[in-house]
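Presented below is the structure to which this report refers.
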Amino acid sequence: MSKDLLIRAILADSTIRCMAAVTTSLVDQACKRHNTLPTSSAALGRVLTGTLMMGSLLKDLERITIKFDCRGPIGNITGEADAHGNVRGYVKNPQVDLPINEKGKLDVGGAVGTGTLYVIRDVGYEIGLSREPYYGSVPIVSGEIAMDLAYYFTKSEQIPSDVSLGVFVSPEGEVIAAGGFIIQVMPGADEKLIDKIASNVAKIPPSTTMIREGFTPEDMLRKALGEIDFEILERKEVQFRCNCSYERALSLVAALGKIEVVDMLEKDKGAKLTCHFCSETYLVSAGELEKILDDFQTQEG
Ligand SMILES: [Zn+2]
């Protein structure tokens, strides 16, 4: 499968900014890792794509987390991205598959239902730096993800935005196309230009139709913006990447404390940890648990 790409662009003296991404491979990988059924695949794919595009606005060490804390059958959806095109995420209930909705589409809104959308921007917590994280939240207005992110931008960040996100899943459950774009209106933008873009965006085919026809992120933006010129500021590969590791699993076990570790050793002769974000499983052997216990003794002694 071809590489996933994201671009960031500006136009009209930076009063309009845009992001566009093709994420088919990474969404397919995420869905396989989490063993999702079609409705969950679409919901997860839309969140991962939106999170990545929002992540493209971050500074070097920042991370962004998008969380749909929802009451629908999917439970909740989390996406987390950094400034370098890496994203990871999961849904609480991957086995949600609802009947196709009246528009003939996967019923993501039905799977998500009502609830709250949280956006958290944080910096460097993994390398010991800390800064007051940014929190924003809005009620979930449609559960279709793109409209909810647009509502968040407008309401919480005062940046009116057009968000398009799509995931096309085959009848066999394979992710065939995924991606989307975001167009944001910054202060000082020309009203006529905004209207022109809005009427153009309303006429174009869904993102997944364009991606299935082989459109790149750049092609999608060109289609969305019609004849309006734009300047590409950044073009990069994007991927599903989790930062969990066996070493991290060991330190998590150690952090549980001596009593828990003794318990794991006696009852299970080892430990099994599964990463929420990527479904990777780490098996910690009895020998490894004994080593952790030895470290506790050393610390105490
Ligand atoms: Zn992981």
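Letters for chains follow the order of the structure tokens (A, B, ...), residue numbers begin at 1 for each chain, and ligand numbers begin at 1 in the order shown.
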
Within-8 Å residues of ligand 1, basis only C-alpha atoms and all ligand atoms, as JSON, numbers by chain: {"A": [88, 241, 242, 243, 244, 245, 274, 275, 276, 277, 278, 279, 280]}

Selection to disk with N, CA, C and O atoms, as an mmCIF file, in the first residue's frame:
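Saved result, selection.cif, follows:
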```
data_model
loop_
_atom_site.group_PDB
_atom_site.id
_atom_site.type_symbol
_atom_site.label_atom_id
_atom_site.label_comp_id
_atom_site.auth_asym_id
_atom_site.auth_seq_id
_atom_site.Cartn_x
_atom_site.Cartn_y
_atom_site.Cartn_z
ATOM 1 N N ARG A 88 -1.674 7.618 17.121
ATOM 2 C CA ARG A 88 -2.120 6.339 17.658
ATOM 3 C C ARG A 88 -3.513 6.563 18.240
ATOM 4 O O ARG A 88 -3.909 7.712 18.489
ATOM 5 N N ARG A 241 1.889 5.141 14.844
ATOM 6 C CA ARG A 241 3.052 4.748 15.635
ATOM 7 C C ARG A 241 2.750 4.918 17.114
ATOM 8 O O ARG A 241 2.289 5.964 17.551
ATOM 9 N N CYS A 242 3.011 3.862 17.883
ATOM 10 C CA CYS A 242 2.796 3.919 19.320
ATOM 11 C C CYS A 242 4.152 3.931 20.002
ATOM 12 O O CYS A 242 5.112 3.348 19.506
ATOM 13 N N ASN A 243 4.234 4.606 21.143
ATOM 14 C CA ASN A 243 5.531 4.670 21.822
ATOM 15 C C ASN A 243 5.614 3.702 23.007
ATOM 16 O O ASN A 243 6.431 3.873 23.893
ATOM 17 N N CYS A 244 4.762 2.683 23.000
ATOM 18 C CA CYS A 244 4.880 1.682 24.063
ATOM 19 C C CYS A 244 6.071 0.757 23.763
ATOM 20 O O CYS A 244 6.556 0.717 22.644
ATOM 21 N N SER A 245 6.552 0.056 24.775
ATOM 22 C CA SER A 245 7.687 -0.851 24.587
ATOM 23 C C SER A 245 7.714 -1.856 25.737
ATOM 24 O O SER A 245 7.025 -1.680 26.745
ATOM 25 N N THR A 274 -1.478 -5.350 27.896
ATOM 26 C CA THR A 274 -1.867 -4.974 26.537
ATOM 27 C C THR A 274 -1.993 -3.461 26.451
ATOM 28 O O THR A 274 -2.625 -2.835 27.301
ATOM 29 N N CYS A 275 -1.349 -2.876 25.430
ATOM 30 C CA CYS A 275 -1.398 -1.421 25.239
ATOM 31 C C CYS A 275 -2.756 -1.041 24.650
ATOM 32 O O CYS A 275 -3.157 -1.558 23.620
ATOM 33 N N HIS A 276 -3.461 -0.112 25.317
ATOM 34 C CA HIS A 276 -4.757 0.364 24.809
ATOM 35 C C HIS A 276 -4.626 0.964 23.414
ATOM 36 O O HIS A 276 -5.471 0.770 22.567
ATOM 37 N N PHE A 277 -3.550 1.740 23.235
ATOM 38 C CA PHE A 277 -3.417 2.529 22.017
ATOM 39 C C PHE A 277 -3.157 1.702 20.765
ATOM 40 O O PHE A 277 -3.584 2.077 19.690
ATOM 41 N N CYS A 278 -2.424 0.580 20.899
ATOM 42 C CA CYS A 278 -2.053 -0.156 19.691
ATOM 43 C C CYS A 278 -2.334 -1.651 19.789
ATOM 44 O O CYS A 278 -2.041 -2.391 18.852
ATOM 45 N N SER A 279 -2.862 -2.110 20.933
ATOM 46 C CA SER A 279 -3.196 -3.538 21.121
ATOM 47 C C SER A 279 -1.998 -4.471 21.200
ATOM 48 O O SER A 279 -2.165 -5.682 21.176
ATOM 49 N N GLU A 280 -0.794 -3.911 21.258
ATOM 50 C CA GLU A 280 0.399 -4.758 21.398
ATOM 51 C C GLU A 280 0.363 -5.412 22.785
ATOM 52 O O GLU A 280 0.003 -4.756 23.762
#
```

Spatial neighbours of Ser285 (chain A), max dist 7 Å, only C-alpha atoms, sep filter under 3 positions, as a list in words: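 Residues near the query, excluding close chain neighbours: Gly270, Ala271, Glu288 and Leu289 of chain A.
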
If you run DSSP on the backbone, which residues of region 88-239 of chain A are helix (DSSP H, G or I), as number ranges by chain? A: 108-112, 125-127, 146-156, 191-203, 207-212, 217-225

What separation in Å, quoted to one decimal, exists between CA of Gln297 (chain A) and CA of Tyr246 (chain A)?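 Going from CA of Gln297 (chain A) over to CA of Tyr246 (chain A) covers 22.3 Å.
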
Choose the residue, out of A:Ala249, A:Ala21, A:Val119, A:Leu256, that has the smallest atom-to-atom separation from Phe153 (chain A); count only C-alpha atoms.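 Of the candidates, the smallest distance to Phe153 (chain A) is held by A:Val119.
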
Record the distance separating CA of Ile197 (chain A) and CA of Ile232 (chain A), expressed in Å with one decimal. 17.3 Å

Region 163-185 of chain A near region 201-206 of chain A within 9 Å: what's each residue's closest atom pair and its distance in Å to one decimal, counting only C-alpha atoms, ordered by chain then ascending residue number, as a Markdown table?
```
| residue | atom | partner | partner_atom | distance |
| --- | --- | --- | --- | --- |
| A:Ser164 | CA | A:Pro206 | CA | 7.9 |
| A:Leu165 | CA | A:Pro206 | CA | 8.4 |
| A:Gly166 | CA | A:Pro206 | CA | 7.4 |
| A:Gly180 | CA | A:Pro206 | CA | 8.7 |
```

When you look at region 133-143 of chain A with a cut-off of 8 Å (counting only C-alpha atoms), what residues show up, excluding the ones that are within fewer than 3 positions of it in the same chain? I need them as a list in words.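 The neighbour list is Phe68, Cys70, Val108, Gly109, Gly110, Ala111, Val112, Gly113, Thr114, Gly115, Thr116, Leu117, Tyr118, Val119, Ile120, Arg121, Asp122, Val123, Met147, Asp148, Tyr151, Tyr152, Lys155 and Ser156 of chain A.
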
Of the residues A:Ala83, A:Val175, A:Ile74, A:Val91, which is the one nearest to Gln29 (chain A), using only C-alpha atoms? A:Val175

Contact residues around Thr208 (chain A) with only C-alpha atoms at 6 Å, ignoring same-chain residues under 3 positions, as a PyMOL selection string: chain A and resi 166+177-178+211-212

In region 89-234 of chain A, DSSP strand (DSSP E) residues written as a count of residues only: 42

For region 39-52 of chain A, work out the shell of residues within 7 Å, counting only C-alpha atoms and skipping chain neighbours fewer than 2 positions away, then give it as number ranges by chain. A: 23, 27, 31, 36-37, 54-56, 66, 74, 77, 79-81, 85, 87, 89-91, 94-98, 106-108, 145, 165-167, 178-179

For Leu293 (chain A), which residue among A:Lys267, A:Lys258, A:Lys236, A:Arg71 is the nearest when counting only C-alpha atoms?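 Answer, going by the shortest atom-to-atom distance: A:Lys258.
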
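Separating CA of Phe296 (chain A) from CA of Ala254 (chain A) is a distance of 8.6 Å.
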